[in-house]
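File shown: data.txt (compact mmCIF, C-alpha atoms and all ligand atoms).
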# COMPACT_ATOMS: atom_id res chain seq x y z
CA MET A 1 -12.49 -6.79 20.37
CA THR A 2 -15.53 -8.95 19.68
CA ALA A 3 -14.01 -11.80 17.63
CA ASP A 4 -11.94 -14.65 19.05
CA PRO A 5 -8.50 -14.14 17.41
CA GLY A 6 -7.96 -17.91 17.44
CA GLN A 7 -10.82 -18.23 14.97
CA LEU A 8 -9.38 -15.65 12.58
CA ILE A 9 -7.10 -17.59 10.25
CA SER A 10 -7.35 -15.70 6.98
CA LEU A 11 -7.43 -12.10 5.83
CA ALA A 12 -11.06 -12.68 4.84
CA ASP A 13 -11.82 -13.62 8.47
CA TYR A 14 -10.33 -10.30 9.62
CA GLU A 15 -12.30 -8.44 6.97
CA ALA A 16 -15.56 -9.94 8.23
CA ALA A 17 -14.68 -9.39 11.89
CA ALA A 18 -13.69 -5.77 11.30
CA GLU A 19 -17.06 -4.88 9.89
CA ALA A 20 -18.56 -5.68 13.28
CA SER A 21 -15.94 -3.56 15.12
CA LEU A 22 -16.19 -0.39 13.06
CA GLN A 23 -18.75 2.39 12.91
CA PRO A 24 -20.62 2.05 9.58
CA GLY A 25 -19.24 5.35 8.23
CA ALA A 26 -15.66 4.36 9.06
CA HIS A 27 -16.17 0.90 7.61
CA GLY A 28 -17.53 2.37 4.38
CA TYR A 29 -14.58 4.78 4.18
CA TYR A 30 -12.05 1.97 4.60
CA TYR A 31 -13.82 -0.61 2.48
CA GLY A 32 -15.16 1.43 -0.37
CA GLY A 33 -13.99 2.41 -3.81
CA ALA A 34 -14.90 4.91 -6.47
CA GLY A 35 -17.90 4.90 -8.79
CA ASP A 36 -19.43 1.47 -9.25
CA GLU A 37 -16.41 -0.11 -7.50
CA ILE A 38 -15.63 -2.15 -10.63
CA THR A 39 -11.86 -1.58 -10.30
CA MET A 40 -11.98 -2.10 -6.54
CA ARG A 41 -13.49 -5.56 -7.01
CA ASP A 42 -11.33 -6.35 -10.02
CA ASN A 43 -8.15 -5.67 -8.03
CA ARG A 44 -8.93 -8.84 -6.13
CA ALA A 45 -10.38 -10.84 -9.00
CA ALA A 46 -7.38 -10.15 -11.27
CA TRP A 47 -4.98 -12.19 -9.12
CA GLY A 48 -7.47 -15.06 -9.41
CA ARG A 49 -7.29 -14.91 -13.21
CA LEU A 50 -3.72 -16.17 -12.98
CA ALA A 51 -2.97 -19.83 -12.25
CA VAL A 52 0.25 -21.08 -10.70
CA ARG A 53 2.38 -23.58 -12.64
CA PRO A 54 4.08 -25.29 -9.72
CA ARG A 55 7.42 -27.05 -10.05
CA VAL A 56 8.14 -30.11 -7.92
CA LEU A 57 11.17 -31.92 -6.54
CA VAL A 58 13.28 -28.81 -6.24
CA GLY A 59 14.16 -29.23 -2.54
CA VAL A 60 12.25 -26.71 -0.51
CA SER A 61 13.09 -27.55 3.10
CA GLU A 62 14.67 -24.11 3.41
CA ARG A 63 12.74 -21.20 1.94
CA ASP A 64 13.89 -17.63 1.60
CA PRO A 65 11.31 -14.88 1.06
CA CYS A 66 14.02 -12.14 1.06
CA VAL A 67 13.88 -9.46 -1.59
CA THR A 68 16.20 -6.61 -2.57
CA LEU A 69 14.51 -3.24 -2.46
CA LEU A 70 16.20 0.09 -3.18
CA GLY A 71 19.48 -1.79 -3.01
CA ARG A 72 18.84 -3.26 0.45
CA ARG A 73 17.97 -6.78 1.51
CA ARG A 74 14.57 -7.04 3.13
CA PRO A 75 13.32 -10.09 5.02
CA HIS A 76 10.24 -10.37 2.81
CA PRO A 77 8.30 -8.38 0.21
CA LEU A 78 5.42 -7.04 2.34
CA ILE A 79 4.96 -3.29 2.88
CA ILE A 80 2.07 -1.69 4.73
CA ALA A 81 0.47 0.66 2.20
CA PRO A 82 0.06 4.32 3.13
CA MET A 83 -3.45 4.80 4.45
CA ALA A 84 -5.09 7.78 6.09
CA TYR A 85 -6.79 7.89 9.48
CA HIS A 86 -5.64 4.75 11.33
CA LYS A 87 -7.20 6.16 14.51
CA LEU A 88 -10.63 5.59 12.98
CA ALA A 89 -9.84 1.87 13.35
CA HIS A 90 -8.16 1.91 16.76
CA PRO A 91 -7.20 4.59 19.30
CA ASP A 92 -3.52 3.61 19.03
CA GLY A 93 -3.67 4.34 15.29
CA GLU A 94 -0.43 4.31 13.31
CA ILE A 95 1.65 3.57 16.40
CA ALA A 96 -0.11 0.21 16.67
CA THR A 97 0.45 -0.39 12.96
CA ALA A 98 4.12 0.52 13.30
CA THR A 99 4.41 -1.87 16.25
CA ALA A 100 3.11 -4.61 13.96
CA ALA A 101 5.63 -3.54 11.31
CA ALA A 102 8.51 -3.69 13.77
CA ALA A 103 7.45 -7.17 14.92
CA THR A 104 7.18 -8.58 11.41
CA GLY A 105 9.87 -6.72 9.48
CA ALA A 106 7.28 -5.17 7.19
CA ILE A 107 7.92 -1.56 6.18
CA ILE A 108 5.22 0.88 7.29
CA CYS A 109 4.59 3.64 4.79
CA LEU A 110 3.16 6.52 6.82
CA SER A 111 0.52 8.60 5.02
CA THR A 112 0.61 12.41 4.87
CA PHE A 113 -2.96 12.05 6.11
CA ALA A 114 -1.96 9.91 9.09
CA THR A 115 -3.44 10.57 12.49
CA THR A 116 0.12 10.35 13.92
CA GLY A 117 2.94 12.76 13.09
CA VAL A 118 6.17 11.90 11.28
CA ALA A 119 8.39 12.49 14.32
CA GLU A 120 5.91 11.07 16.82
CA LEU A 121 5.78 7.73 15.00
CA ALA A 122 9.55 7.45 14.75
CA ARG A 123 9.99 8.24 18.43
CA ALA A 124 7.25 5.84 19.53
CA VAL A 125 8.40 2.85 17.47
CA PRO A 126 12.02 3.49 16.47
CA ASP A 127 12.48 -0.11 15.30
CA ALA A 128 9.77 0.06 12.65
CA PRO A 129 11.23 0.18 9.13
CA ARG A 130 9.52 3.22 7.69
CA TRP A 131 8.82 5.14 4.51
CA PHE A 132 6.90 8.39 4.22
CA GLN A 133 4.11 8.93 1.69
CA LEU A 134 4.01 12.49 0.44
CA TYR A 135 1.01 14.31 -0.92
CA VAL A 136 2.56 17.44 -2.36
CA PHE A 137 0.63 20.45 -1.11
CA SER A 138 0.13 23.70 -2.97
CA ASP A 139 2.18 25.13 -0.12
CA ARG A 140 5.52 23.72 -1.24
CA GLY A 141 7.31 25.02 1.83
CA ALA A 142 5.06 22.87 3.98
CA SER A 143 5.80 19.81 1.86
CA ARG A 144 9.54 20.49 2.11
CA GLU A 145 9.15 20.67 5.89
CA LEU A 146 7.50 17.23 5.94
CA VAL A 147 10.30 15.77 3.84
CA ALA A 148 12.86 17.32 6.20
CA GLN A 149 11.13 15.69 9.15
CA ALA A 150 11.15 12.32 7.37
CA VAL A 151 14.87 12.68 6.69
CA ASP A 152 15.60 13.72 10.28
CA HIS A 153 13.69 10.76 11.66
CA SER A 154 15.29 8.02 9.56
CA TYR A 155 12.52 7.31 7.10
CA GLU A 156 14.13 5.37 4.27
CA ALA A 157 12.14 6.46 1.22
CA LEU A 158 9.63 9.00 -0.02
CA VAL A 159 6.56 7.66 -1.76
CA VAL A 160 5.02 10.48 -3.78
CA THR A 161 1.41 9.71 -4.59
CA ALA A 162 0.52 10.82 -8.10
CA ASP A 163 -2.99 9.52 -8.59
CA ARG A 164 -4.90 11.85 -6.31
CA PRO A 165 -4.93 15.40 -7.69
CA VAL A 166 -8.57 15.31 -6.61
CA SER A 167 -10.54 12.66 -4.77
CA GLY A 168 -12.41 9.94 -6.62
CA VAL A 169 -16.19 9.84 -6.44
CA ARG A 170 -16.77 7.63 -3.42
CA GLN A 171 -20.45 7.09 -3.05
CA ARG A 172 -20.25 5.31 0.28
CA ASP A 173 -18.61 8.40 1.75
CA LEU A 174 -21.03 10.78 0.09
CA ARG A 175 -23.89 8.81 1.61
CA SER A 176 -22.34 8.52 5.08
CA GLY A 177 -21.26 12.17 5.08
CA ILE A 178 -17.82 11.25 6.44
CA GLU A 179 -15.95 13.50 3.99
CA ALA A 180 -17.77 16.54 5.32
CA ALA A 181 -17.72 15.53 8.99
CA PRO A 182 -15.20 17.04 11.40
CA ALA A 183 -12.01 15.06 10.89
CA ARG A 184 -9.52 13.65 13.34
CA PHE A 185 -6.40 15.70 13.88
CA LEU A 186 -3.95 15.18 11.00
CA PRO A 187 -0.59 16.43 12.28
CA SER A 188 1.21 16.55 8.93
CA ALA A 189 -1.58 18.32 7.09
CA THR A 190 -2.05 20.70 9.97
CA ALA A 191 1.67 21.46 10.05
CA ALA A 192 1.28 22.16 6.35
CA GLY A 193 -0.73 25.25 7.02
CA ALA A 194 -4.10 23.61 7.41
CA ASP A 195 -4.97 25.38 10.61
CA GLY A 196 -8.70 25.64 10.82
CA VAL A 197 -9.16 22.85 8.27
CA THR A 198 -11.41 20.28 9.83
CA THR A 199 -12.88 17.91 7.28
CA PRO A 200 -11.33 15.19 5.11
CA ALA A 201 -12.59 16.94 1.99
CA ALA A 202 -10.85 20.16 3.02
CA PHE A 203 -7.60 18.31 3.75
CA THR A 204 -7.73 16.82 0.25
CA ALA A 205 -8.12 20.29 -1.23
CA LEU A 206 -4.64 21.17 0.12
CA ILE A 207 -3.08 18.77 -2.41
CA ASP A 208 -1.65 20.50 -5.47
CA ALA A 209 -3.71 19.34 -8.45
CA ASP A 210 -1.10 20.88 -10.80
CA LEU A 211 1.71 18.58 -9.74
CA ASP A 212 3.73 17.44 -12.77
CA TRP A 213 6.93 15.59 -13.65
CA THR A 214 9.14 18.62 -13.06
CA ASP A 215 7.93 18.57 -9.45
CA ILE A 216 8.90 14.91 -9.14
CA GLU A 217 12.32 15.79 -10.51
CA ARG A 218 12.66 18.61 -7.98
CA VAL A 219 11.60 16.44 -5.04
CA ALA A 220 14.03 13.73 -6.16
CA ALA A 221 16.87 16.23 -6.58
CA ASP A 222 16.22 17.98 -3.25
CA SER A 223 15.68 14.89 -1.14
CA PRO A 224 18.44 12.63 0.11
CA LEU A 225 15.82 9.87 0.23
CA PRO A 226 15.00 7.74 -2.80
CA VAL A 227 11.71 8.74 -4.42
CA ILE A 228 9.08 6.21 -5.44
CA VAL A 229 6.10 7.39 -7.50
CA LYS A 230 2.86 5.70 -6.45
CA GLY A 231 -0.19 5.42 -8.66
CA ILE A 232 1.37 4.40 -12.00
CA LEU A 233 -0.72 2.26 -14.38
CA THR A 234 0.99 2.71 -17.76
CA PRO A 235 4.48 2.02 -19.12
CA GLU A 236 4.49 5.57 -20.51
CA ASP A 237 4.27 7.07 -17.03
CA ALA A 238 6.72 4.53 -15.61
CA LEU A 239 9.27 5.66 -18.23
CA LEU A 240 8.64 9.29 -17.28
CA ALA A 241 9.22 8.39 -13.62
CA ALA A 242 12.57 6.87 -14.57
CA GLU A 243 13.50 9.94 -16.65
CA HIS A 244 12.62 12.32 -13.80
CA GLY A 245 14.74 10.82 -11.07
CA ALA A 246 12.49 8.27 -9.38
CA ARG A 247 14.06 5.09 -8.05
CA GLY A 248 10.83 3.14 -8.10
CA VAL A 249 7.15 3.09 -8.95
CA VAL A 250 4.13 1.54 -7.29
CA VAL A 251 1.74 0.12 -9.86
CA SER A 252 -1.46 1.06 -8.12
CA ASN A 253 -4.96 2.40 -8.63
CA HIS A 254 -5.22 3.54 -5.00
CA GLY A 255 -7.26 0.49 -4.05
CA GLY A 256 -9.91 1.36 -6.67
CA ARG A 257 -10.68 4.56 -4.77
CA GLN A 258 -9.80 7.09 -7.46
CA LEU A 259 -10.89 6.51 -11.09
CA ASP A 260 -13.25 3.61 -11.51
CA THR A 261 -12.79 1.20 -14.46
CA VAL A 262 -9.00 1.65 -14.68
CA LEU A 263 -6.86 -1.50 -14.88
CA SER A 264 -6.14 -3.58 -11.80
CA GLY A 265 -2.63 -3.61 -10.37
CA ALA A 266 -2.19 -7.22 -11.49
CA ASP A 267 -3.18 -6.43 -15.08
CA ALA A 268 -1.13 -3.22 -15.32
CA LEU A 269 2.03 -4.68 -13.78
CA PRO A 270 3.59 -6.76 -16.60
CA ALA A 271 3.81 -3.89 -19.12
CA VAL A 272 5.36 -1.60 -16.50
CA VAL A 273 7.94 -4.24 -15.55
CA ASP A 274 8.77 -4.77 -19.21
CA ALA A 275 9.25 -1.02 -19.72
CA VAL A 276 11.29 -0.08 -16.65
CA GLY A 277 12.03 -3.21 -14.61
CA ASP A 278 15.74 -2.94 -15.41
CA ARG A 279 15.87 0.73 -14.30
CA LEU A 280 13.42 1.01 -11.42
CA ASP A 281 12.14 -1.06 -8.53
CA VAL A 282 8.57 -1.87 -9.51
CA LEU A 283 6.11 -2.46 -6.68
CA VAL A 284 2.42 -3.29 -6.93
CA ASP A 285 -0.67 -3.09 -4.77
CA GLY A 286 -4.40 -3.67 -4.91
CA GLY A 287 -6.42 -6.67 -3.84
CA ILE A 288 -3.57 -8.76 -2.45
CA ARG A 289 -5.26 -11.05 0.06
CA ARG A 290 -3.41 -14.40 -0.17
CA GLY A 291 0.15 -15.65 -0.19
CA THR A 292 -0.49 -16.91 -3.71
CA ASP A 293 -1.32 -13.32 -4.75
CA VAL A 294 2.09 -12.20 -3.42
CA LEU A 295 3.80 -15.07 -5.26
CA LYS A 296 2.06 -14.04 -8.49
CA ALA A 297 3.08 -10.40 -8.08
CA LEU A 298 6.72 -11.40 -7.62
CA ALA A 299 6.53 -13.83 -10.54
CA LEU A 300 5.25 -10.99 -12.75
CA GLY A 301 8.31 -8.96 -11.79
CA ALA A 302 7.32 -6.90 -8.76
CA ARG A 303 10.06 -6.43 -6.17
CA ALA A 304 7.62 -5.98 -3.32
CA VAL A 305 3.91 -5.54 -2.65
CA MET A 306 1.89 -3.10 -0.61
CA ILE A 307 -0.95 -4.37 1.54
CA GLY A 308 -3.76 -1.93 2.27
CA ARG A 309 -7.15 -2.63 3.78
CA PRO A 310 -6.35 -5.98 5.46
CA VAL A 311 -3.97 -4.19 7.84
CA LEU A 312 -6.79 -1.83 8.84
CA TRP A 313 -9.04 -4.83 9.43
CA GLY A 314 -6.44 -6.31 11.77
CA LEU A 315 -6.05 -2.96 13.51
CA ALA A 316 -9.80 -2.60 13.96
CA VAL A 317 -10.19 -6.10 15.38
CA ASP A 318 -7.25 -6.19 17.78
CA GLY A 319 -4.96 -3.13 17.53
CA ALA A 320 -1.25 -3.85 17.07
CA GLY A 321 -1.82 -7.57 17.67
CA GLY A 322 -4.42 -7.78 14.93
CA ALA A 323 -2.32 -5.87 12.39
CA ARG A 324 0.63 -8.11 13.25
CA ARG A 325 -1.44 -11.24 12.83
CA VAL A 326 -2.64 -10.12 9.39
CA ILE A 327 0.96 -9.71 8.23
CA GLU A 328 1.95 -13.02 9.81
CA ILE A 329 -0.91 -14.88 8.12
CA LEU A 330 0.14 -13.49 4.75
CA LEU A 331 3.80 -14.35 5.38
CA GLY A 332 2.82 -17.90 6.39
CA GLU A 333 0.77 -18.28 3.22
CA LEU A 334 3.63 -16.90 1.12
CA ASP A 335 5.98 -19.44 2.68
CA THR A 336 3.58 -22.28 1.81
CA ALA A 337 3.12 -20.89 -1.71
CA LEU A 338 6.90 -20.82 -2.25
CA ALA A 339 7.25 -24.40 -0.99
CA LEU A 340 4.35 -25.84 -2.98
CA GLY A 341 5.02 -23.64 -6.00
CA GLY A 342 8.53 -25.01 -6.12
CA ALA A 343 10.56 -21.84 -5.52
CA ARG A 344 13.16 -21.98 -2.78
CA ARG A 345 13.73 -18.26 -2.96
CA ALA A 346 11.40 -15.41 -3.78
CA SER A 347 14.06 -14.37 -6.28
CA ASP A 348 13.64 -17.69 -8.16
CA LEU A 349 10.15 -16.66 -9.28
CA ASP A 350 9.51 -15.58 -12.85
CA ARG A 351 6.65 -15.66 -15.33
CA SER A 352 7.21 -19.35 -16.08
CA PHE A 353 5.44 -19.98 -12.76
CA LEU A 354 2.20 -18.50 -14.12
CA CYS A 355 -0.36 -19.04 -16.85
CA PRO A 356 -3.84 -17.65 -17.51
CA ALA A 357 -6.33 -19.40 -15.26
CA PRO A 358 -8.64 -21.77 -17.12
CA TRP A 359 -11.42 -21.15 -14.61
CA SER A 360 -13.65 -18.14 -14.38
CA ALA A 361 -12.14 -16.14 -11.52
CA GLY A 362 -15.38 -14.68 -10.30
CA GLN A 363 -15.02 -11.91 -7.79
CA ARG A 364 -13.48 -12.63 -4.46
C1 LIG I 401 -8.73 3.80 3.91
C2 LIG I 401 -7.65 4.02 2.89
C3 LIG I 401 -6.90 5.18 2.95
C4 LIG I 401 -5.88 5.38 2.01
N1 LIG I 401 -5.11 6.49 2.11
C5 LIG I 401 -4.06 6.65 1.26
C6 LIG I 401 -3.16 7.73 1.44
O1 LIG I 401 -3.30 8.53 2.36
N2 LIG I 401 -2.15 7.86 0.55
C7 LIG I 401 -1.96 6.96 -0.49
O2 LIG I 401 -1.02 7.11 -1.27
N3 LIG I 401 -2.79 5.91 -0.65
C8 LIG I 401 -3.81 5.73 0.20
N4 LIG I 401 -4.62 4.63 0.05
C9 LIG I 401 -4.35 3.63 -0.99
C10 LIG I 401 -3.40 2.53 -0.46
O3 LIG I 401 -2.12 3.04 -0.23
C11 LIG I 401 -3.26 1.35 -1.43
O4 LIG I 401 -2.89 1.84 -2.71
C12 LIG I 401 -4.50 0.48 -1.58
O5 LIG I 401 -5.26 0.45 -0.39
C13 LIG I 401 -4.10 -0.95 -1.93
O6 LIG I 401 -5.21 -1.75 -2.16
P1 LIG I 401 -5.79 -2.80 -1.09
O7 LIG I 401 -6.46 -1.98 -0.01
O8 LIG I 401 -6.77 -3.58 -1.91
O9 LIG I 401 -4.66 -3.65 -0.55
C14 LIG I 401 -5.65 4.41 0.98
C15 LIG I 401 -6.42 3.25 0.95
C16 LIG I 401 -7.42 3.05 1.90
C17 LIG I 401 -8.19 1.75 1.83
Please rewrite the model in this file as structure tokens.
Ligand SMILES: Cc1cc2nc3c(=O)[nH]c(=O)nc-3n(C[C@H](O)[C@H](O)[C@H](O)COP(=O)(O)O)c2cc1C
Amino acid sequence: MTADPGQLISLADYEAAAEASLQPGAHGYYYGGAGDEITMRDNRAAWGRLAVRPRVLVGVSERDPCVTLLGRRRPHPLIIAPMAYHKLAHPDGEIATATAAAATGAIICLSTFATTGVAELARAVPDAPRWFQLYVFSDRGASRELVAQAVDHSYEALVVTADRPVSGVRQRDLRSGIEAAPARFLPSATAAGADGVTTPAAFTALIDADLDWTDIERVAADSPLPVIVKGILTPEDALLAAEHGARGVVVSNHGGRQLDTVLSGADALPAVVDAVGDRLDVLVDGGIRRGTDVLKALALGARAVMIGRPVLWGLAVDGAGGARRVIEILLGELDTALALGGARRASDLDRSFLCPAPWSAGQR
């Protein structure tokens, strides 16, 4: 660690400090997006295009950030987004991230492309609330095996990622060569028949690009775990998710890493909530960097939010402690936003707390 953690008081501070801790290729892989990175930047800017309409004198000495997710009370709405290759940030990898999750009550969503296996993570940090993110492989037997492991090891939901039949064009990675470089060991992908596969690009090629809604229906029918479809940006697809057995959707553009110039999570969210909010749990991610961003997501109708890159910045700067601090900073900011926004409970938030921002948001 090079930075003094006492000086790191915002997610932006962790982002800046992480750049100094990471190899340039790894930093570019974590930071970057697809194409001209228009969507990647807009994910952040879009939250800034909303202004808060705070209410006063509502008595906020006791605040409650609890949410109900998949029928269960959760202490707050933060979920650690599924992200590949945590060991590029820190040798303790996903186990450090899960330790941060256990300490903060955040759910960790383990990626299929994690550098820690499904069972290994559960054994190492049994207290971490955990979901498993599934990339469905062409080898369906291998995917079923991963789901079975998740069930056996008390993962609470399956997050099936739908927006990556192929990888987006990520120019930072093409320039650094990281996609073609020998990869870290990916236990789940290797268990899925990827023996001899050694590069990130080759791991991606294992994903079935022909996945369709009948597959979602099959996964949902076969799995005792609730299925959440991640990577939804339209009400049409959200309705299809509801019709094919999903219990939730994540409104997400994969952190702007897949198709550039698609809508931001913040801009896509309201129409999805309007279409399926009474049938599905709607989550959102992309560019959430402040407690006010979380408040806005909840006010638009999201049940919970996924946090991506900032957790990796924390991990890179200070392992489990850094990832924990990132979550704690965001929770502290959410608490302040609830108090000063005039909502005692997260569940009190609705769209009356928001209006279009009169300022030009710029790009954060
Ligand atoms: C380095 C990195 C790796 C990712 N790997 C995955 C993955 O394996 N599976 C997945 O569904 N999404 C993956 N994502 C997307 C995240 O789950 C999430 O949608 C996105 O990062 C949220 O945006 P944010 O980083 O601006 O918070 C990845 C994102 C990053 C930054």
Task: Selection within 6 Å of ligand LIG 401 (chain I) by all atoms listed in the file, output as a PyMOL selection string - done: chain A and resi 29-30+81-84+111+113+161+252+254-255+285-288+307-309
Task: Proximity to Glu145 (chain A) - best of A:Leu50, A:Ala191, A:Ile80, A:Leu269, only C-alpha atoms - done: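 Result for the nearest residue to Glu145 (chain A): A:Ala191.
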TODO: Would you kindly return, as a list in words, each protein, DNA or RNA residue with an atom no farther than 9 Å from any atom of Gly248 (chain A), considering only C-alpha atoms and excluding same-chain residues fewer than 2 positions away?
DONE: Leu70, Val159, Pro226, Val227, Ile228, Val229, Lys230, Ala238, Ala241, Ala242, Ala246, Val250, Arg279, Leu280, Asp281, Val282 and Leu283 of chain A
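Around the coordinate (16.3, 12.9, -4.1), residues that reach within 12 Å when counting only C-alpha atoms are Arg144, Val147, Ala148, Val151, Glu156, Ala157, Leu158, Val159, Val160, Asp215, Ile216, Glu217, Arg218, Val219, Ala220, Ala221, Asp222, Ser223, Pro224, Leu225, Pro226, Val227, Ile228, His244, Gly245, Ala246, Arg247 and Gly248 of chain A.
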Please, could you write that set of residues out with C-alpha atoms as a PDB file, in the frame of the given file?
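Okay, result.pdb is ready:
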ATOM      1  CA  ARG A 144       9.540  20.490   2.110  1.00  0.00           C
ATOM      2  CA  VAL A 147      10.300  15.770   3.840  1.00  0.00           C
ATOM      3  CA  ALA A 148      12.860  17.320   6.200  1.00  0.00           C
ATOM      4  CA  VAL A 151      14.870  12.680   6.690  1.00  0.00           C
ATOM      5  CA  GLU A 156      14.130   5.370   4.270  1.00  0.00           C
ATOM      6  CA  ALA A 157      12.140   6.460   1.220  1.00  0.00           C
ATOM      7  CA  LEU A 158       9.630   9.000  -0.020  1.00  0.00           C
ATOM      8  CA  VAL A 159       6.560   7.660  -1.760  1.00  0.00           C
ATOM      9  CA  VAL A 160       5.020  10.480  -3.780  1.00  0.00           C
ATOM     10  CA  ASP A 215       7.930  18.570  -9.450  1.00  0.00           C
ATOM     11  CA  ILE A 216       8.900  14.910  -9.140  1.00  0.00           C
ATOM     12  CA  GLU A 217      12.320  15.790 -10.510  1.00  0.00           C
ATOM     13  CA  ARG A 218      12.660  18.610  -7.980  1.00  0.00           C
ATOM     14  CA  VAL A 219      11.600  16.440  -5.040  1.00  0.00           C
ATOM     15  CA  ALA A 220      14.030  13.730  -6.160  1.00  0.00           C
ATOM     16  CA  ALA A 221      16.870  16.230  -6.580  1.00  0.00           C
ATOM     17  CA  ASP A 222      16.220  17.980  -3.250  1.00  0.00           C
ATOM     18  CA  SER A 223      15.680  14.890  -1.140  1.00  0.00           C
ATOM     19  CA  PRO A 224      18.440  12.630   0.110  1.00  0.00           C
ATOM     20  CA  LEU A 225      15.820   9.870   0.230  1.00  0.00           C
ATOM     21  CA  PRO A 226      15.000   7.740  -2.800  1.00  0.00           C
ATOM     22  CA  VAL A 227      11.710   8.740  -4.420  1.00  0.00           C
ATOM     23  CA  ILE A 228       9.080   6.210  -5.440  1.00  0.00           C
ATOM     24  CA  HIS A 244      12.620  12.320 -13.800  1.00  0.00           C
ATOM     25  CA  GLY A 245      14.740  10.820 -11.070  1.00  0.00           C
ATOM     26  CA  ALA A 246      12.490   8.270  -9.380  1.00  0.00           C
ATOM     27  CA  ARG A 247      14.060   5.090  -8.050  1.00  0.00           C
ATOM     28  CA  GLY A 248      10.830   3.140  -8.100  1.00  0.00           C
TER      29      GLY A 248
END
Write out as a Markdown table a residue-level contact list of region 31-140 of chain A versus region 162-165 of chain A with cut-off 12 Å: for each qualifying residue the closest pair of atoms and the distance in Å to one decimal, counting all atoms listed in the file, rows sorted by chain and residue number upward.
| residue | atom | partner | partner_atom | distance |
| --- | --- | --- | --- | --- |
| A:Gln133 | CA | A:Ala162 | CA | 10.6 |
| A:Leu134 | CA | A:Ala162 | CA | 9.4 |
| A:Tyr135 | CA | A:Ala162 | CA | 8.0 |
| A:Val136 | CA | A:Ala162 | CA | 9.0 |
| A:Phe137 | CA | A:Pro165 | CA | 10.0 |
| A:Ser138 | CA | A:Pro165 | CA | 10.8 |
Open item on the list: Show me, as a ChimeraX atom specification, the residues that have an atom within 10 Å of Tyr31 (chain A) when counting all atoms listed in the file, minus same-chain residues fewer than 6 positions from it.
Closed with: /A:15,19,25,40,172,255,257,309-310,312-313
TODO: Check the smallest atom-to-atom distance from each of A:Ser10, A:Gln171, A:Ser352, A:Ser347 to Pro77 (chain A) using all atoms listed in the file, then report the winner.
DONE: A:Ser347
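Among the candidates A:Arg351, A:Ala205, A:Gly341, A:Arg44, the one nearest to Val273 (chain A) when counting all atoms listed in the file is A:Arg351.
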Open item on the list: I'd like the interatomic distance between CA of Leu8 (chain A) and CA of Gly314 (chain A), to a tenth of an Å.
Closed with: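 Going from CA of Leu8 (chain A) over to CA of Gly314 (chain A) covers 9.8 Å.
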- [ ] Excluding Arg325 (chain A) and any residue of its chain fewer than 4 positions from it, enumerate the residues within 12 Å of it, using only C-alpha atoms, and give them as JSON, numbers by chain.
- [x] {"A": [5, 6, 7, 8, 9, 10, 11, 13, 14, 97, 99, 100, 101, 103, 104, 310, 311, 312, 313, 314, 315, 317, 318, 319, 320, 321, 329, 330, 331, 332]}
- [ ] Could you please determine the separation between CA of Leu263 (chain A) and CA of Thr39 (chain A) in Å, to one decimal place?
- [x]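 Spanning CA of Leu263 (chain A) to CA of Thr39 (chain A) is a straight-line distance of 6.8 Å.
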For region 289-296 of chain A, supply N, CA, C and O atoms and report the output as a PDB file, in the coordinates of the input.
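selection_20.pdb, written as the output of this step:
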ATOM      1  N   ARG A 289      -4.599 -10.495  -1.128  1.00  0.00           N
ATOM      2  CA  ARG A 289      -5.260 -11.050   0.060  1.00  0.00           C
ATOM      3  C   ARG A 289      -4.764 -12.446   0.430  1.00  0.00           C
ATOM      4  O   ARG A 289      -5.197 -13.010   1.433  1.00  0.00           O
ATOM      5  N   ARG A 290      -3.907 -13.043  -0.394  1.00  0.00           N
ATOM      6  CA  ARG A 290      -3.410 -14.400  -0.170  1.00  0.00           C
ATOM      7  C   ARG A 290      -1.927 -14.463  -0.489  1.00  0.00           C
ATOM      8  O   ARG A 290      -1.421 -13.692  -1.324  1.00  0.00           O
ATOM      9  N   GLY A 291      -1.259 -15.422   0.143  1.00  0.00           N
ATOM     10  CA  GLY A 291       0.150 -15.650  -0.190  1.00  0.00           C
ATOM     11  C   GLY A 291       0.338 -15.938  -1.661  1.00  0.00           C
ATOM     12  O   GLY A 291       1.346 -15.534  -2.260  1.00  0.00           O
ATOM     13  N   THR A 292      -0.618 -16.633  -2.275  1.00  0.00           N
ATOM     14  CA  THR A 292      -0.490 -16.910  -3.710  1.00  0.00           C
ATOM     15  C   THR A 292      -0.547 -15.617  -4.528  1.00  0.00           C
ATOM     16  O   THR A 292       0.079 -15.522  -5.581  1.00  0.00           O
ATOM     17  N   ASP A 293      -1.297 -14.616  -4.037  1.00  0.00           N
ATOM     18  CA  ASP A 293      -1.320 -13.320  -4.750  1.00  0.00           C
ATOM     19  C   ASP A 293       0.078 -12.686  -4.705  1.00  0.00           C
ATOM     20  O   ASP A 293       0.542 -12.103  -5.699  1.00  0.00           O
ATOM     21  N   VAL A 294       0.736 -12.786  -3.539  1.00  0.00           N
ATOM     22  CA  VAL A 294       2.090 -12.200  -3.420  1.00  0.00           C
ATOM     23  C   VAL A 294       3.036 -12.941  -4.365  1.00  0.00           C
ATOM     24  O   VAL A 294       3.822 -12.318  -5.099  1.00  0.00           O
ATOM     25  N   LEU A 295       2.941 -14.279  -4.359  1.00  0.00           N
ATOM     26  CA  LEU A 295       3.800 -15.070  -5.260  1.00  0.00           C
ATOM     27  C   LEU A 295       3.591 -14.630  -6.708  1.00  0.00           C
ATOM     28  O   LEU A 295       4.553 -14.456  -7.462  1.00  0.00           O
ATOM     29  N   LYS A 296       2.337 -14.421  -7.108  1.00  0.00           N
ATOM     30  CA  LYS A 296       2.060 -14.040  -8.490  1.00  0.00           C
ATOM     31  C   LYS A 296       2.636 -12.664  -8.809  1.00  0.00           C
ATOM     32  O   LYS A 296       3.184 -12.439  -9.894  1.00  0.00           O
TER      33      LYS A 296
END
